[in-house]
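Trainee: After the structure tokens below, expect a handful of questions from me.
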Amino acid sequence: MVPSLKPALLILASFLGWLNPQLTTLDHRQHELQTALSKLPALPAPQPLEHAGFHSGLAPHADSVRWVQIDLGAEYPLDSVVVIPAMLGVVEAYGFPRRFRIDASNDPLFAESDTLLDHFSDNNAPSPAPWFVAGNGIKARHIRFTATTLAAQPHGTRRYIFCLGELLVFSQGRNAALHAQVLAPNSVETLPTWSPRHLVDGAYSLGLPVHPDETNGNGWHSGISTNAETTKWIQVDLGAPHAIDEIRLIPAHPRDYPERSGFGFPRRFKVEADGKTIFDATTTDFPNPADTPVAFSCPNLRCQTIRVTATHLWERSGDFVFALAELQAFDHGRNIVLNSTVTSSDDTITASWTRSGLIDARSSTGALLDESTWLSALSLRRQLTDELTALETQRNQALAIAYQRTTWLGGSVLGIAILSAWLAWLRSRRSRQQEMESLRHRISRDLHDEIGSHLGSIRLMSELALRDGPASDSMQEIHRLAGEAAESMRGIIWLVREGDLPPLSSLVEAMRQSAASLLKDIDWQLDAPNGNEPATASLEFHRQVFLLFREAVHNITRHAHAAKVRILVKWKAKHFHLRIEDDGCGFDSAAITAGNGLANLRHRATVLGGALHITGSPGHGTCITLEADFS
């Protein structure tokens with residue numbers, strides 16, 4: 001910002017705050033929120049997982065109620081319940097419901113329950129951030145998530161769903177929902193992506209709870225093997241038996257392999273405590289967890305040693321290895337493996353790969369944080385971000401009010417000036433319209449009284465001359481031309497009198513009168529919409545259509561030798577249609593030339609921007625059709 005502008009902007013801000021004191025309050029709260037956000041961990045970029053989470057069955061309406069419920073296996077005092085949205089190849093939460101409720105109960109039927117959260121606002125943004133709900137020490141065995149307003153299924157199928165990535169229930173520092181029993185009466189299971197079991201498998205799209213730093217340390221790395229079917233193991237000795245309720249493996253993601261998360265995590269392995277198998281995946285491949293912790297619930301376990309044995313290694317680059325960033329064992333939320341003794345089948349020791357790196361409370365990218373505290377901070381970031389977005393809307397409204405008050409007087413003066421100018425223009429325009437109207441009527445009267453009168457006299461005198469003496473061709477031609485000129489004059493007078501935007505019903509009436517005059521000795525019929533279908537068009541449109549119509553009817557009178565003529569006029573949605581059909585002698589359509597009297601018709605259709613179609617054959621009449629848009 002240019003330094004000289006700062007005082008001016010401060011003065012403007014102070015002035016606007018004086019005009020609307022709400023601005024000062026909102027700016028202060030905005031500063032508080034931005035300060036609080038700067039102290040919270042950043043929301044990590046969502047990562048795609050093979051196990052996306054839980055997917056409800058399809059519903060026909062958004063207000064269809066769907067729920068999923070977990071059984072913790074025993075009654076637990078609830079510290080918190082955390083819901084993490086599902087992610088499926090997009091940056092927004094997939095299928096997260098607009099309205100939902102979270103309840104806790106000891107009754108699997110929830111006849112009696114405690115509501116932990118009832119979210120009834122439609123304004124929640126589809127963010128991948130978690131929802132952290134305080135448990136307030138309530139004791140419960142069952143947790144139910146009920147979606148009361150579902151999300152629309154993508155791709156416009158008009159069906160509705162709700163999806164969740166993970167549901168965690170923290171009690172006394174550990175996730176009691178890990179691998180709990182899930183009850184979902186209406187769900188979709190499409191492995192490996194969607195399954196009710198994935199709701200409590202400990203894998204979710206937010207990755208590892210870490211505070212990123214630049215410390216060099218990747219974890220532990222086995223010796224390198226040329227065969228994947230090689231057994232490697234790593235073991236920690238706690239020094240004495242300890243109570244353990246959860247074992248967690250943290251995958252490696254070294255900085256020198258930035259595109260290979262889950263580095264070295266074995267495809268097949270088992271976890272043992274004092275020789276007792278806690279988890280066994282030695283017969284089936286385990287999906288690579290990427291940057292997601294792999295946790296194993298083991299309540300009431302007491303042991304001294306924990307061993308992870310890989311039986312099918314991870315392929316690095318033409319060779320095979322076993323690697324982990326961290327091995328953790330928790331007792332009521334406390335990691336007890338720190339400072340333990342680490343032994344292994346073999347090692348690859350470098351500056352960044354060491355045995356001690358397995359138990360240093362770090363991942364490959366930063367210091368590991370308490371999962372519950374980290375999720376709570378991310379949930380708070382979502383709330384503050386939502387509040388900041390709403391606050392920005394309120395501030396814009398308050399700012400608009402301040403600007404409105406600032407500019408009210410100037411706007412009022414400007415409005416009065418504009419209104420005065422508009423009234424003067426309107427008065428001038430009305431005056432011009434009245435002058436034009438008066439001129440049109442005067443011209444039509446002059447044409448009628450002067451030229452129309454003279455043409456009538458010529459026609460009358462030629463008619464008397466034809467009666468009194470022998471009929472010459474010249475006199476008959478004069479009589480005919482005088483009649484046609486008088487008829488044309490009546491059409492011109494009508495056009496002049498009608499104004500700028502005559503109704504199409506007036507055009508139809510003029511056609512009807514002209515047809516009655518020109519087709520006196522022919523059986524004719526004109527069909528057109530009644531007066532209940534009002535439409536207007538420009539005077540030029542009326543003139544060209546009317547003259548085209550007269551030209552066509554005149555040609556029928558002179559050349560067609562027709563006994564019947566049918567005329568159809570209709571319009572719809574600014575499109576005009578005219579068809580003139582006779583049963584006369586017709587003509588060879590392949591032999592049309594400018595000398596056939598049809599050039600004028602085509603010219604007028606071109607002026608109208610329309611299309612003229614002329615069809616006919618000798619002895620079978622002629623059909624002329626005009627299609628044109630009008631305005």
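Every chain in the structure tokens has a letter given in the order shown (A, B, ...), and although residue numbers restart at 1 in each chain, ligands are simply numbered from 1 in the order shown.
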Would you pick out the contacts of segment 257-260 of chain A at 12 Å or less, using only C-alpha atoms, so that residues sharing its chain but fewer than 2 positions from it are not included, and give the list as a ChimeraX atom specification?

Mentor: /A:218,251-255,262-265,288-291,314-317,364-365

Trainee: For Lys574 of chain A, list every protein, DNA or RNA residue within 10 Å, evaluated using only C-alpha atoms, and leave out those in the same chain fewer than 6 positions away; present the list as a ChimeraX atom specification.

Mentor: /A:535-537,628-631

Trainee: Neighbouring residues of Leu612 of chain A were defined as those with any atom within 12 Å, considering only C-alpha atoms; residues of the same chain fewer than 2 positions away were excluded. Please report them as a ChimeraX atom specification.

Mentor: /A:545,548-549,552,576-580,598-610,614-615,623-628

Trainee: Let me make sure I understand: among A:Ser412, A:Gln172, A:Thr311, A:Gln69, which one has the smallest atom-to-atom distance to Ser56 of chain A if we use only C-alpha atoms?

Mentor: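 For Ser56 of chain A, the nearest of the candidates is A:Gln69.
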
Trainee: What parts of segment 88-295 of chain A does DSSP call strand (DSSP E or B)? I'd like the answer as a short mmCIF file (atom, residue, chain, number, x, y, z; two decimals) with N, CA and C atoms, in the first residue's frame.

Mentor:
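Writing the result to result12.cif gives the following:
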```
data_model
loop_
_atom_site.label_atom_id
_atom_site.label_comp_id
_atom_site.auth_asym_id
_atom_site.auth_seq_id
_atom_site.Cartn_x
_atom_site.Cartn_y
_atom_site.Cartn_z
N TYR A 94 -17.70 -35.33 1.03
CA TYR A 94 -18.58 -36.09 0.14
C TYR A 94 -19.76 -36.61 0.94
N ARG A 99 -28.20 -31.48 7.83
CA ARG A 99 -28.67 -31.44 9.22
C ARG A 99 -28.49 -32.82 9.83
N PHE A 100 -28.09 -32.85 11.11
CA PHE A 100 -27.85 -34.14 11.74
C PHE A 100 -27.90 -33.99 13.26
N ARG A 101 -27.91 -35.15 13.91
CA ARG A 101 -27.97 -35.19 15.38
C ARG A 101 -27.07 -36.32 15.86
N ILE A 102 -26.41 -36.12 17.01
CA ILE A 102 -25.58 -37.14 17.63
C ILE A 102 -26.13 -37.42 19.03
N ASP A 103 -26.47 -38.68 19.29
CA ASP A 103 -27.05 -39.08 20.57
C ASP A 103 -26.21 -40.18 21.19
N ALA A 104 -26.26 -40.26 22.54
CA ALA A 104 -25.57 -41.30 23.30
C ALA A 104 -26.56 -41.97 24.22
N SER A 105 -26.40 -43.30 24.38
CA SER A 105 -27.36 -44.03 25.20
C SER A 105 -26.74 -45.35 25.64
N ASP A 114 -29.14 -39.25 25.50
CA ASP A 114 -28.67 -37.87 25.68
C ASP A 114 -28.23 -37.34 24.33
N THR A 115 -28.73 -36.19 23.96
CA THR A 115 -28.34 -35.56 22.70
C THR A 115 -27.08 -34.75 22.92
N LEU A 116 -26.01 -35.13 22.23
CA LEU A 116 -24.74 -34.41 22.35
C LEU A 116 -24.68 -33.21 21.41
N LEU A 117 -25.33 -33.34 20.24
CA LEU A 117 -25.34 -32.24 19.26
C LEU A 117 -26.57 -32.39 18.39
N ASP A 118 -27.27 -31.28 18.18
CA ASP A 118 -28.40 -31.24 17.23
C ASP A 118 -28.12 -30.09 16.27
N HIS A 119 -27.54 -30.44 15.14
CA HIS A 119 -27.16 -29.42 14.14
C HIS A 119 -28.31 -29.28 13.15
N TRP A 131 -15.86 -32.52 13.06
CA TRP A 131 -16.83 -31.97 14.02
C TRP A 131 -16.50 -32.59 15.38
N PHE A 132 -16.06 -31.75 16.31
CA PHE A 132 -15.66 -32.19 17.65
C PHE A 132 -16.77 -31.82 18.62
N VAL A 133 -17.34 -32.86 19.26
CA VAL A 133 -18.49 -32.65 20.15
C VAL A 133 -18.12 -33.11 21.55
N ALA A 134 -18.26 -32.24 22.53
CA ALA A 134 -17.91 -32.58 23.91
C ALA A 134 -18.85 -33.65 24.44
N LYS A 139 -22.02 -41.12 30.52
CA LYS A 139 -21.67 -42.54 30.39
C LYS A 139 -22.62 -43.20 29.40
N ALA A 140 -22.05 -43.86 28.41
CA ALA A 140 -22.88 -44.48 27.37
C ALA A 140 -22.12 -45.62 26.72
N ARG A 141 -22.88 -46.52 26.14
CA ARG A 141 -22.30 -47.64 25.39
C ARG A 141 -22.55 -47.50 23.89
N HIS A 142 -23.65 -46.83 23.53
CA HIS A 142 -24.05 -46.73 22.13
C HIS A 142 -24.02 -45.26 21.69
N ILE A 143 -23.49 -45.01 20.51
CA ILE A 143 -23.47 -43.68 19.89
C ILE A 143 -24.19 -43.79 18.56
N ARG A 144 -25.16 -42.90 18.35
CA ARG A 144 -25.92 -42.91 17.09
C ARG A 144 -25.78 -41.56 16.38
N PHE A 145 -25.47 -41.64 15.11
CA PHE A 145 -25.44 -40.45 14.24
C PHE A 145 -26.66 -40.52 13.33
N THR A 146 -27.54 -39.52 13.44
CA THR A 146 -28.78 -39.49 12.66
C THR A 146 -28.75 -38.32 11.70
N ALA A 147 -28.83 -38.61 10.41
CA ALA A 147 -28.90 -37.55 9.39
C ALA A 147 -30.37 -37.23 9.14
N THR A 148 -30.76 -35.98 9.39
CA THR A 148 -32.15 -35.58 9.22
C THR A 148 -32.40 -34.82 7.92
N THR A 149 -31.36 -34.29 7.32
CA THR A 149 -31.46 -33.71 5.97
C THR A 149 -30.26 -34.21 5.18
N ALA A 151 -27.68 -35.22 1.92
CA ALA A 151 -26.98 -34.50 0.84
C ALA A 151 -27.41 -35.10 -0.50
N ALA A 152 -27.45 -34.24 -1.52
CA ALA A 152 -27.79 -34.72 -2.86
C ALA A 152 -26.64 -35.57 -3.40
N TYR A 160 -30.66 -39.08 -2.69
CA TYR A 160 -30.02 -38.43 -1.55
C TYR A 160 -29.32 -39.48 -0.68
N ILE A 161 -28.21 -39.05 -0.07
CA ILE A 161 -27.35 -39.95 0.70
C ILE A 161 -26.79 -39.21 1.90
N CYS A 163 -22.84 -39.67 4.01
CA CYS A 163 -21.60 -40.44 4.13
C CYS A 163 -20.77 -39.86 5.28
N LEU A 164 -20.01 -40.73 5.94
CA LEU A 164 -19.08 -40.33 6.99
C LEU A 164 -17.75 -41.03 6.75
N GLU A 166 -15.15 -41.17 9.28
CA GLU A 166 -14.75 -41.85 10.52
C GLU A 166 -15.55 -41.28 11.68
N LEU A 167 -15.83 -42.13 12.66
CA LEU A 167 -16.48 -41.70 13.89
C LEU A 167 -15.60 -42.17 15.05
N LEU A 168 -15.11 -41.23 15.84
CA LEU A 168 -14.23 -41.54 16.96
C LEU A 168 -14.92 -41.16 18.26
N VAL A 169 -14.75 -41.99 19.28
CA VAL A 169 -15.30 -41.71 20.60
C VAL A 169 -14.15 -41.78 21.60
N PHE A 170 -13.75 -40.63 22.14
CA PHE A 170 -12.63 -40.59 23.07
C PHE A 170 -13.13 -40.72 24.50
N SER A 171 -12.50 -41.65 25.21
CA SER A 171 -12.82 -41.87 26.62
C SER A 171 -11.52 -42.15 27.36
N ARG A 174 -8.38 -42.38 25.00
CA ARG A 174 -8.24 -43.29 23.87
C ARG A 174 -9.54 -43.34 23.07
N ASN A 175 -9.40 -43.80 21.84
CA ASN A 175 -10.55 -43.92 20.95
C ASN A 175 -11.25 -45.26 21.23
N GLN A 181 -18.40 -52.45 17.05
CA GLN A 181 -19.47 -53.03 16.23
C GLN A 181 -20.33 -51.90 15.67
N VAL A 182 -20.66 -51.98 14.37
CA VAL A 182 -21.44 -50.94 13.70
C VAL A 182 -22.78 -51.52 13.28
N LEU A 183 -23.85 -50.79 13.60
CA LEU A 183 -25.20 -51.16 13.18
C LEU A 183 -25.70 -50.09 12.21
N SER A 187 -27.55 -49.20 4.48
CA SER A 187 -26.20 -48.78 4.10
C SER A 187 -25.81 -49.46 2.80
N VAL A 188 -24.70 -48.96 2.24
CA VAL A 188 -24.13 -49.50 1.01
C VAL A 188 -22.76 -50.09 1.35
N THR A 190 -19.67 -51.39 -0.77
CA THR A 190 -18.98 -51.60 -2.04
C THR A 190 -17.48 -51.59 -1.75
N TRP A 194 -16.48 -48.44 0.36
CA TRP A 194 -17.53 -48.13 1.34
C TRP A 194 -17.88 -49.39 2.14
N VAL A 210 0.18 -34.13 13.21
CA VAL A 210 1.57 -33.70 13.37
C VAL A 210 1.65 -32.18 13.35
N HIS A 211 2.75 -31.70 13.96
CA HIS A 211 3.15 -30.31 13.83
C HIS A 211 4.37 -30.29 12.92
N PRO A 212 4.21 -29.88 11.65
CA PRO A 212 5.33 -29.98 10.70
C PRO A 212 6.55 -29.18 11.15
N GLY A 219 12.49 -42.20 10.85
CA GLY A 219 12.02 -43.34 11.60
C GLY A 219 13.00 -44.49 11.51
N TRP A 220 12.48 -45.72 11.44
CA TRP A 220 13.33 -46.91 11.37
C TRP A 220 13.16 -47.59 10.02
N HIS A 221 14.27 -48.17 9.53
CA HIS A 221 14.32 -48.79 8.21
C HIS A 221 15.05 -50.14 8.33
N SER A 225 16.20 -56.04 1.04
CA SER A 225 16.13 -57.42 0.57
C SER A 225 15.80 -57.43 -0.91
N LYS A 232 11.08 -59.75 8.28
CA LYS A 232 11.81 -58.71 9.03
C LYS A 232 10.97 -58.35 10.25
N TRP A 233 11.65 -58.02 11.35
CA TRP A 233 10.88 -57.64 12.54
C TRP A 233 11.56 -56.51 13.30
N ILE A 234 10.73 -55.81 14.06
CA ILE A 234 11.20 -54.74 14.94
C ILE A 234 10.47 -54.90 16.27
N GLN A 235 11.16 -54.68 17.38
CA GLN A 235 10.57 -54.93 18.69
C GLN A 235 10.97 -53.84 19.66
N VAL A 236 10.03 -53.46 20.54
CA VAL A 236 10.33 -52.52 21.64
C VAL A 236 10.11 -53.26 22.96
N ASP A 237 11.03 -53.00 23.89
CA ASP A 237 10.95 -53.61 25.23
C ASP A 237 10.71 -52.48 26.21
N LEU A 238 9.57 -52.54 26.92
CA LEU A 238 9.19 -51.48 27.84
C LEU A 238 9.96 -51.53 29.15
N GLY A 239 10.72 -52.59 29.37
CA GLY A 239 11.50 -52.71 30.60
C GLY A 239 10.77 -53.41 31.71
N ALA A 240 9.47 -53.37 31.69
CA ALA A 240 8.63 -54.03 32.69
C ALA A 240 7.23 -54.13 32.12
N PRO A 241 6.41 -55.04 32.62
CA PRO A 241 5.04 -55.13 32.12
C PRO A 241 4.25 -53.84 32.37
N HIS A 242 3.46 -53.47 31.36
CA HIS A 242 2.64 -52.26 31.44
C HIS A 242 1.25 -52.56 30.90
N ALA A 243 0.26 -51.84 31.43
CA ALA A 243 -1.10 -51.92 30.86
C ALA A 243 -1.13 -51.12 29.57
N ILE A 244 -1.71 -51.72 28.54
CA ILE A 244 -1.79 -51.08 27.21
C ILE A 244 -3.21 -51.24 26.69
N ASP A 245 -3.78 -50.18 26.17
CA ASP A 245 -5.14 -50.29 25.59
C ASP A 245 -5.16 -50.02 24.09
N GLU A 246 -4.04 -49.56 23.51
CA GLU A 246 -4.00 -49.35 22.06
C GLU A 246 -2.56 -49.35 21.57
N ILE A 247 -2.33 -50.03 20.45
CA ILE A 247 -1.03 -50.01 19.77
C ILE A 247 -1.23 -49.32 18.43
N ARG A 248 -0.29 -48.45 18.08
CA ARG A 248 -0.46 -47.66 16.85
C ARG A 248 0.85 -47.65 16.06
N LEU A 249 0.73 -47.91 14.75
CA LEU A 249 1.87 -47.84 13.84
C LEU A 249 1.72 -46.59 12.98
N ILE A 250 2.79 -45.79 12.90
CA ILE A 250 2.79 -44.56 12.10
C ILE A 250 3.61 -44.82 10.84
N ALA A 252 5.81 -44.30 7.47
CA ALA A 252 6.86 -43.35 7.12
C ALA A 252 6.51 -42.61 5.82
N PHE A 263 5.58 -45.21 3.06
CA PHE A 263 6.87 -45.77 2.64
C PHE A 263 7.24 -46.95 3.53
N ARG A 268 2.13 -57.57 4.21
CA ARG A 268 1.63 -58.58 5.14
C ARG A 268 2.48 -58.54 6.41
N PHE A 269 1.79 -58.62 7.56
CA PHE A 269 2.51 -58.48 8.82
C PHE A 269 1.62 -58.97 9.97
N LYS A 270 2.22 -59.03 11.16
CA LYS A 270 1.45 -59.32 12.37
C LYS A 270 2.03 -58.51 13.52
N VAL A 271 1.19 -58.28 14.55
CA VAL A 271 1.58 -57.53 15.73
C VAL A 271 1.42 -58.46 16.92
N GLU A 272 2.49 -58.57 17.74
CA GLU A 272 2.46 -59.46 18.90
C GLU A 272 2.85 -58.68 20.15
N ALA A 273 2.28 -59.09 21.27
CA ALA A 273 2.63 -58.55 22.58
C ALA A 273 3.01 -59.71 23.49
N LYS A 276 2.01 -62.94 22.18
CA LYS A 276 0.58 -63.14 21.91
C LYS A 276 0.19 -62.29 20.70
N THR A 277 -0.49 -62.92 19.72
CA THR A 277 -0.85 -62.21 18.50
C THR A 277 -2.00 -61.23 18.78
N ILE A 278 -1.75 -59.97 18.49
CA ILE A 278 -2.77 -58.91 18.63
C ILE A 278 -3.48 -58.69 17.30
N PHE A 279 -2.74 -58.78 16.21
CA PHE A 279 -3.30 -58.58 14.87
C PHE A 279 -2.50 -59.42 13.90
N ASP A 280 -3.22 -60.08 12.96
CA ASP A 280 -2.54 -60.97 12.02
C ASP A 280 -3.06 -60.70 10.61
N ALA A 281 -2.20 -60.17 9.75
CA ALA A 281 -2.52 -59.97 8.33
C ALA A 281 -1.42 -60.61 7.50
N VAL A 294 -2.17 -46.56 11.75
CA VAL A 294 -2.81 -47.88 11.79
C VAL A 294 -2.87 -48.29 13.26
N ALA A 295 -4.10 -48.33 13.80
CA ALA A 295 -4.28 -48.54 15.24
C ALA A 295 -4.93 -49.88 15.51
#
```

Trainee: Kindly indicate which residue among A:Ile522, A:Ala390, A:Ala516, A:Leu539 lies nearest to Gln30 of chain A, using only C-alpha atoms for the distances.

Mentor: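 Using only C-alpha atoms, Gln30 of chain A sits closest to A:Ala390.
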
Trainee: To one decimal in Å, tell me the separation between atom CA of Thr283 of chain A and atom CA of Leu324 of chain A.

Mentor: 20.6 Å

Trainee: Which is closest to Leu49 of chain A among A:Asp201, A:Glu581, A:Glu540, A:Glu112, if we use only C-alpha atoms?

Mentor: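 Nearest to Leu49 of chain A: A:Asp201.
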